[in-house]
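Participant: Have a look at the structure that comes next, please.
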Amino acid sequence: MTPQDETVAAVPPPEHWWQGAVVYQIYVRSFADSDGDGIGDLEGIRSRLDHLTETLGVDAIWITPFFPSPMRDFGYDVADYCDVDPLFGDLARFDSLLSDCHQRGLRVMIDWVPNHTSDLHPWFVESRSSRDNPKRDWYVWRDPADDGSPPNNWLAMFGGSSWEWDERTRQYYLHSFLPEQPDLDWRNPEVESAMLDSLRFWLDRGVDGVRIDVAHYLMKDPGLTDNPPAEGPTDYRPLGEPDSQIHINDRGHPDIHSLFRRIRGVLDSYPDDRFAIAEIHESDWETWASYYQPPSLDSIHMPFNFSLLYAPWDAEELRQSIEAAEAAVPEGAWPNHVLGNHDEARVASRFGERRAGLAAILLLTLRGTVTMYYGDEIGMPETAIPPGEIRDPQGIRLGTPTRDGCRTPMQWSDQPHAGFSPPEAPGTWLPLSTDWKQRNVDSQLDDPGSLLQLYHRLLAARRSPSLRRGAFRSLPAPPGCLVYERSAPGSAAVVVALNLGGDVTAIDLPAGTVLVATDPGAEGKPVSGPIELAGNEGVVIELT
């Protein structure tokens, strides 16, 4: 064994509701369909609140965009920031959902998409109508280069140039993603004012926080300097053509920090501890940590830490990733962890079905705010989508594996449409996973050995001060194993031991009682000295 003696997190700061919270991400189209059109909706979420609060016991939900949209990117192309698309309901249904969640002590976060609108948003319709329209400079328009080509070499993340030619006004407009998603110009004070008003609209209704979509794109180099070429992938996940350059000028300009402070000012002007977490894909820890803006910590509350999404199933690499994140978080700030979301392959397929329980223990016992993805609690797999049924614009345009595979309808039961839609519905917007009759919430609800019941026990155990907000410290571990301690003053410390390998391994552990285990039969048993863990087995021990 190689001892890891350093304590990488010190005494925890005073607790806010989001510190140590578990946020459950709901891909609104795929969670629950109440009206039989095959598409999930707000009333569907409201009908399944027992699953969130009783079966699981999460602290908050994050709902992906439900705003009016032509759905070219399934809601991330917003046509109205202050309403609900009829596909998903209306404002009255949203208010009812919010009220019901709050009555249950469940916080609600929405997905704010400030970098770009739909090309059908009234702002852009006006902007492209003429060069002298008052909203022309709400978006980024530029003349072509001398040879008629785009203004610079920037590449859109969904493929092709970031510039789209508009024949009517004879200029290019900027789009970091789809041509149907033109980028707003946040350097225009009128844009900032309008977008902050859209944020206030939802905060006034009582939402508890926001997930900020592609947050670091809001400020680009004002000189539109070309991006330099890349020698290899520039992001965690390879995207093909966009990875041929280093995206340093089309996102993350230093002016982003002052803008984030102004966004934080809006959040802080409301009571009840409103919260923001930003989608920022940044693999350099120093740059990633800069989004916390030390020492004042008056920026967004935290940038997403996606490192575990892309880490291999290897104990040493996972330990290094966890400790790197802990070391990078500025003093007084708070870490966070993610294992799945609507853009990445499912945990059960990425790591393997037999490792899903161990992955759950890892995610729910680390220090920080946790985001878990709908369906991971029952081990939903990545679903192969037939070519003719692919809906994801990224997969279609780039030829990369489609994101549809992690967005398939939630599997509630073995009833028609897996209980996602009413029996009389003609179908679902994406195909169901092939295992829905065997793998669903109902089939796991009363099975103590199921993944769902493991999540339930883990979420209950996480209420302890040591797991919710205690310090983190790596402990000695045999090869292939990960062992760490969580501790808070005045509370029993907790040790987590995970055998990520395939062989039975003896691990020397301090005396205590098994709080949670992949094998429910081990729970409640005393531990003293070495214990043997089978491959892909893990335990959470409360020390005596």
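Quick note on naming: the chains in the structure tokens go A, B, ... in the order shown, residues restart at 1 in each chain, and ligands are numbered from 1 in order of appearance.
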Taking 2 positions as the minimum chain separation for residues in the same chain, which residues sit within 12 Å of Lys525 of chain A when counting only C-alpha atoms? Answer as a list of chain:residue names.
Facilitator: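 Neighbouring residues, sequence-local ones excluded: A:Ala511, A:Gly512, A:Thr513, A:Val514, A:Leu515, A:Val516, A:Ala517, A:Asp519, A:Pro520, A:Gly521, A:Ala522, A:Glu523, A:Val527, A:Ser528, A:Ile531, A:Val539, A:Val540, A:Ile541, A:Glu542, A:Leu543.
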Participant: Could you save those same residues with all heavy atoms as a CSV table (one decimal), in the first residue's frame?
Facilitator:
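What ended up in result.csv:
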```csv
chain,number,residue,atom,x,y,z
A,511,ALA,N,-12.0,0.3,13.0
A,511,ALA,CA,-13.2,-0.3,13.6
A,511,ALA,C,-14.4,0.6,13.3
A,511,ALA,O,-14.3,1.8,13.4
A,511,ALA,CB,-13.0,-0.5,15.1
A,512,GLY,N,-15.5,-0.1,13.0
A,512,GLY,CA,-16.7,0.6,12.8
A,512,GLY,C,-17.8,-0.3,12.4
A,512,GLY,O,-17.7,-1.5,12.6
A,513,THR,N,-18.9,0.3,11.9
A,513,THR,CA,-20.1,-0.5,11.5
A,513,THR,C,-20.4,-0.1,10.0
A,513,THR,O,-20.3,1.0,9.6
A,513,THR,CB,-21.3,-0.1,12.4
A,513,THR,OG1,-21.0,-0.4,13.7
A,513,THR,CG2,-22.5,-0.9,12.0
A,514,VAL,N,-20.7,-1.2,9.3
A,514,VAL,CA,-21.1,-1.0,7.9
A,514,VAL,C,-22.4,-0.2,7.8
A,514,VAL,O,-23.4,-0.7,8.2
A,514,VAL,CB,-21.2,-2.3,7.1
A,514,VAL,CG1,-21.6,-2.0,5.6
A,514,VAL,CG2,-19.8,-3.0,7.2
A,515,LEU,N,-22.3,1.0,7.2
A,515,LEU,CA,-23.5,1.9,7.0
A,515,LEU,C,-24.2,1.5,5.8
A,515,LEU,O,-25.4,1.4,5.8
A,515,LEU,CB,-23.0,3.3,7.0
A,515,LEU,CG,-24.0,4.4,7.3
A,515,LEU,CD1,-24.7,4.3,8.6
A,515,LEU,CD2,-23.3,5.8,7.2
A,516,VAL,N,-23.5,1.4,4.7
A,516,VAL,CA,-24.1,1.1,3.3
A,516,VAL,C,-23.1,0.2,2.6
A,516,VAL,O,-21.8,0.4,2.8
A,516,VAL,CB,-24.3,2.4,2.5
A,516,VAL,CG1,-25.0,2.0,1.2
A,516,VAL,CG2,-25.2,3.4,3.2
A,517,ALA,N,-23.6,-0.7,1.8
A,517,ALA,CA,-22.7,-1.6,1.1
A,517,ALA,C,-23.4,-2.0,-0.2
A,517,ALA,O,-24.6,-2.0,-0.3
A,517,ALA,CB,-22.3,-2.8,1.9
A,519,ASP,N,-23.4,-5.0,-1.1
A,519,ASP,CA,-24.0,-6.2,-0.6
A,519,ASP,C,-24.9,-5.8,0.6
A,519,ASP,O,-24.3,-5.5,1.7
A,519,ASP,CB,-23.0,-7.2,-0.2
A,519,ASP,CG,-23.7,-8.4,0.4
A,519,ASP,OD1,-24.9,-8.5,0.4
A,519,ASP,OD2,-22.9,-9.2,1.0
A,520,PRO,N,-26.2,-5.6,0.4
A,520,PRO,CA,-27.0,-5.1,1.6
A,520,PRO,C,-26.9,-6.1,2.8
A,520,PRO,O,-27.2,-5.6,3.9
A,520,PRO,CB,-28.4,-5.1,1.0
A,520,PRO,CG,-28.4,-6.0,-0.2
A,520,PRO,CD,-27.0,-5.9,-0.7
A,521,GLY,N,-26.5,-7.3,2.6
A,521,GLY,CA,-26.4,-8.2,3.7
A,521,GLY,C,-25.3,-7.9,4.7
A,521,GLY,O,-25.3,-8.3,5.8
A,522,ALA,N,-24.3,-7.0,4.2
A,522,ALA,CA,-23.2,-6.6,5.1
A,522,ALA,C,-23.6,-5.4,5.9
A,522,ALA,O,-22.9,-5.2,6.9
A,522,ALA,CB,-22.0,-6.3,4.2
A,523,GLU,N,-24.7,-4.8,5.6
A,523,GLU,CA,-25.0,-3.5,6.4
A,523,GLU,C,-25.4,-3.8,7.8
A,523,GLU,O,-26.1,-4.8,8.1
A,523,GLU,CB,-26.1,-2.8,5.6
A,523,GLU,CG,-25.6,-2.3,4.3
A,523,GLU,CD,-26.7,-1.6,3.4
A,523,GLU,OE1,-27.9,-1.5,3.9
A,523,GLU,OE2,-26.4,-1.2,2.3
A,527,VAL,N,-17.1,-4.0,11.9
A,527,VAL,CA,-15.8,-4.1,11.1
A,527,VAL,C,-14.7,-3.8,12.1
A,527,VAL,O,-14.7,-2.8,12.8
A,527,VAL,CB,-15.8,-3.2,9.9
A,527,VAL,CG1,-14.4,-3.2,9.3
A,527,VAL,CG2,-16.8,-3.6,8.9
A,528,SER,N,-13.7,-4.7,12.1
A,528,SER,CA,-12.5,-4.4,12.9
A,528,SER,C,-11.3,-5.0,12.2
A,528,SER,O,-11.2,-6.3,12.1
A,528,SER,CB,-12.7,-5.0,14.3
A,528,SER,OG,-11.5,-4.7,15.1
A,531,ILE,N,-10.8,-6.4,6.0
A,531,ILE,CA,-11.9,-7.1,5.5
A,531,ILE,C,-11.6,-7.4,4.0
A,531,ILE,O,-10.8,-6.8,3.4
A,531,ILE,CB,-13.2,-6.2,5.6
A,531,ILE,CG1,-13.1,-5.0,4.6
A,531,ILE,CG2,-13.5,-5.8,7.0
A,531,ILE,CD1,-14.4,-4.3,4.5
A,539,VAL,N,-17.9,-0.6,0.5
A,539,VAL,CA,-18.6,-0.4,1.7
A,539,VAL,C,-18.4,1.0,2.2
A,539,VAL,O,-17.4,1.7,1.9
A,539,VAL,CB,-18.1,-1.4,2.8
A,539,VAL,CG1,-18.4,-2.8,2.5
A,539,VAL,CG2,-16.5,-1.2,3.0
A,540,VAL,N,-19.4,1.5,3.0
A,540,VAL,CA,-19.3,2.8,3.7
A,540,VAL,C,-19.4,2.4,5.2
A,540,VAL,O,-20.4,1.9,5.6
A,540,VAL,CB,-20.4,3.7,3.3
A,540,VAL,CG1,-20.3,5.1,4.0
A,540,VAL,CG2,-20.4,3.9,1.7
A,541,ILE,N,-18.4,2.8,5.9
A,541,ILE,CA,-18.3,2.4,7.3
A,541,ILE,C,-18.3,3.6,8.2
A,541,ILE,O,-17.5,4.6,8.0
A,541,ILE,CB,-17.0,1.6,7.6
A,541,ILE,CG1,-17.0,0.3,6.8
A,541,ILE,CG2,-16.8,1.3,9.1
A,541,ILE,CD1,-15.7,-0.4,6.7
A,542,GLU,N,-19.2,3.6,9.2
A,542,GLU,CA,-19.2,4.6,10.2
A,542,GLU,C,-18.3,4.2,11.4
A,542,GLU,O,-18.5,3.1,11.9
A,542,GLU,CB,-20.6,4.9,10.7
A,542,GLU,CG,-20.7,6.0,11.7
A,542,GLU,CD,-22.2,6.3,12.0
A,542,GLU,OE1,-22.8,5.6,12.8
A,542,GLU,OE2,-22.8,7.3,11.5
A,543,LEU,N,-17.3,5.0,11.7
A,543,LEU,CA,-16.3,4.6,12.7
A,543,LEU,C,-16.8,4.7,14.1
A,543,LEU,O,-17.7,5.6,14.4
A,543,LEU,CB,-15.1,5.5,12.5
A,543,LEU,CG,-14.4,5.5,11.1
A,543,LEU,CD1,-13.0,6.2,11.2
A,543,LEU,CD2,-14.2,4.1,10.6
```
Participant: What's around Ile63 of chain A at 8 Å? Count only C-alpha atoms, leave out sequence neighbours fewer than 3 positions away in its own chain, and write the answer as a PyMOL selection string.
Facilitator: chain A and resi 25-28+66+108-111
Participant: If we count only C-alpha atoms and set the cut-off at 12 Å, which residues sit around Val191 of chain A, ignoring sequence neighbours fewer than 3 positions away in its own chain? Please answer as a PyMOL selection string.
Facilitator: chain A and resi 114-117+123-124+134-140+183-188+194-198+218
Participant: With distances taken over only C-alpha atoms, which of A:Arg468, A:His51, A:Arg407, A:Arg200 is nearest to Trp334 of chain A?
Facilitator: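 The answer is A:Arg468, which sits nearest to Trp334 of chain A.
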Participant: Looking at A:Pro330, A:Gly57, A:Gly524, A:Pro479, which one is nearest to Thr505 of chain A, with distances taken over only C-alpha atoms?
Facilitator: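 Closest candidate: A:Pro479.
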